[in-house]
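Below is one structure, written out as structure tokens; the observations come after it.
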2 protein chains.
Amino acid sequence: MTSSATPKAVSRLVEAFSRLPGIGPKTASRLTYYLLRSGQEDARILGEALLDLHLNTVLCSVCCNISEEDPCAVCADPARDRTTICVVEQPLDVLAIENTGRYKGQYHVLHGHISPMERIGPDELHMRELVQRVGREVVEIIVATNPTLEGDATAMYLSRLLEPTGVAVTRLALGLPRGGDLEYADRVTLAEALAGRRKMD
Amino acid sequence: MTSSATPKAVSRLVEAFSRLPGIGPKTASRLTYYLLRSGQEDARILGEALLDLHLNTVLCSVCCNISEEDPCAVCADPARDRTTICVVEQPLDVLAIENTGRYKGQYHVLHGHISPMERIGPDELHMRELVQRVGREVVEIIVATNPTLEGDATAMYLSRLLEPTGVAVTRLALGLPRGGDLEYADRVTLAEALAGRRKMD
């Protein structure tokens, strides 16, 4: 939301904010005017952090995650289990799994999923690096791509790609989300939960 | 959402985004990783726009709106009606009224509202500048502060402050929002709409 009376510095920032996903023109103006009100310090901190972002990050040459150093903290940590690699689509997925506190193995970040619509094939993803990592040590590869069409296609492709290596390839369980309401679960999720039912102990 | 394995440049930007209103830690990470993916250009444009924001804006010395030049485009425009001043709380309110296309007068931006809770009194707002503007030309002052307790208190204060000048002080109409559903209107709004009912022509 800008008009001809809007200063250029303001409409430029509104525009730049609007390019971010999930931020429409109204939110973009609200953020911009918030920063105008809150003083120069907040805008400076955010601005400098943005300019630093790409300068101070690299891709880990082992797991392809975004990192400060190469290899990344997870790959360099001798305490982590080297027999398991969890394959995810995005760096944020690594954070989500780390936050469960239940996984102590390695990661591999594909940076996307197979999507013919978006013209993303296996060559656009970091799959070759994954195959190269599968040595004698690795026993299991957990494919934790998203439970979507593209995630499934990627998982399927990976499982075939890894078949010759003999490593066990697993996939995250599908089912009802904890705390969810059966009544409100969608048909597909409920069908998956039924198909994946497990004996109670 | 960051962990010890997160690069500092990433967690710094996540933190800086989280300081913005309405952006929680999850959205902040999503934006940050989006910018990591989308390449250096987007981050640079946004970063530079942020650093420029305060450097290339001033307060208009007439209406106190945020502007590129002093006086601002509205105050400098000879085509605009100088008999009416619309008083608003924030610069974004000017944009909202400009976007109606129904107002051709002047503005005055208070940069806030009277709020004893937040220790904002008349002296913290640009009220003195408003009183100084009320000369022979000005016929009406439209108080367009928000329809909230604080906006009402500010309007009340302004109306008393301007009483000696003899200028007409008006306030925006209260009532049902266009397109709204009477059934879902809150009690207070409905009461205001009733009290403000107008004869149909």
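Just remember, in the structure tokens the first chain shown is A, the second B, etc., residues are 1-based per chain, and ligands are 1-based in the order shown.
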
Item to check | Distance filter 7 Å, only C-alpha atoms, chain B against chain A, as a PyMOL selection string | outcome: chain B and resi 2-3+5-10+12-13+16-17+20+31+36+40+43-54+56-57+67-68+73-74+95

Next on the checklist: Quick check for you: according to DSSP on this backbone, which residues of stretch 18-100 of chain A are classed as alpha helix (DSSP H)? Reply as a VMD selection string.
Outcome noted: chain A and resid 18 25 to 38 40 to 53 73 to 76 91 to 100

Next on the checklist: Residues within 10 Å of B:Leu162, please, as a PyMOL selection string. Count only C-alpha atoms; anything in the same chain fewer than 6 positions from it doesn't count.
Outcome noted: chain B and resi 130-131+134+141+168-169

Next on the checklist: Can you tell me which residues surround B:Lys104 at a distance of at most 9 Å, considering only C-alpha atoms, apart from same-chain residues fewer than 2 positions away, and format the answer as a list in words?
Outcome noted: Ala79, Arg80, Asp81, Arg82, Thr84, Glu98, Gly101, Arg102 and Gln106 of chain B

How would the residues just chosen look if you wrote them out with C-alpha atoms as an mmCIF file, in the first residue's frame?
data_model
loop_
_atom_site.group_PDB
_atom_site.id
_atom_site.type_symbol
_atom_site.label_atom_id
_atom_site.label_comp_id
_atom_site.auth_asym_id
_atom_site.auth_seq_id
_atom_site.Cartn_x
_atom_site.Cartn_y
_atom_site.Cartn_z
ATOM 1 C CA ALA B 79 -4.067 21.648 -6.037
ATOM 2 C CA ARG B 80 -5.030 20.353 -2.586
ATOM 3 C CA ASP B 81 -7.725 21.982 -0.492
ATOM 4 C CA ARG B 82 -6.165 24.020 2.335
ATOM 5 C CA THR B 84 -9.489 21.027 5.762
ATOM 6 C CA GLU B 98 -5.441 8.615 0.207
ATOM 7 C CA GLY B 101 -9.584 8.744 -3.423
ATOM 8 C CA ARG B 102 -12.254 10.804 -1.596
ATOM 9 C CA GLN B 106 -4.364 18.386 4.108
#

Checklist entry - Excluding same-chain residues fewer than 2 positions from stretch 186-193 of chain A, what lies within 7 Å of it counting only C-alpha atoms, as a count of residues only? => result 7

Next on the checklist: Report, in Å to a single decimal, how far apart atom CA of B:Met200 and atom CA of B:Cys86 are.
Outcome noted: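 Separation between atom CA of B:Cys86 and atom CA of B:Met200: 26.8 Å.
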
Item to check | Between atom CA of A:Met156 and atom CA of A:Ile114 - distance in Å to one decimal | outcome: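 These two atoms are separated by 10.1 Å.
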
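In this model, the gap between atom CA of A:Asp123 and atom CA of A:Asp77 comes to 28.9 Å.
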
Item to check | Test item: residues at most 12 Å from stretch 117-121 of chain B, only C-alpha atoms, excluding those fewer than 6 positions along its chain, as a PyMOL selection string | outcome: chain B and resi 110-111+127+149-150+153-154+157-158
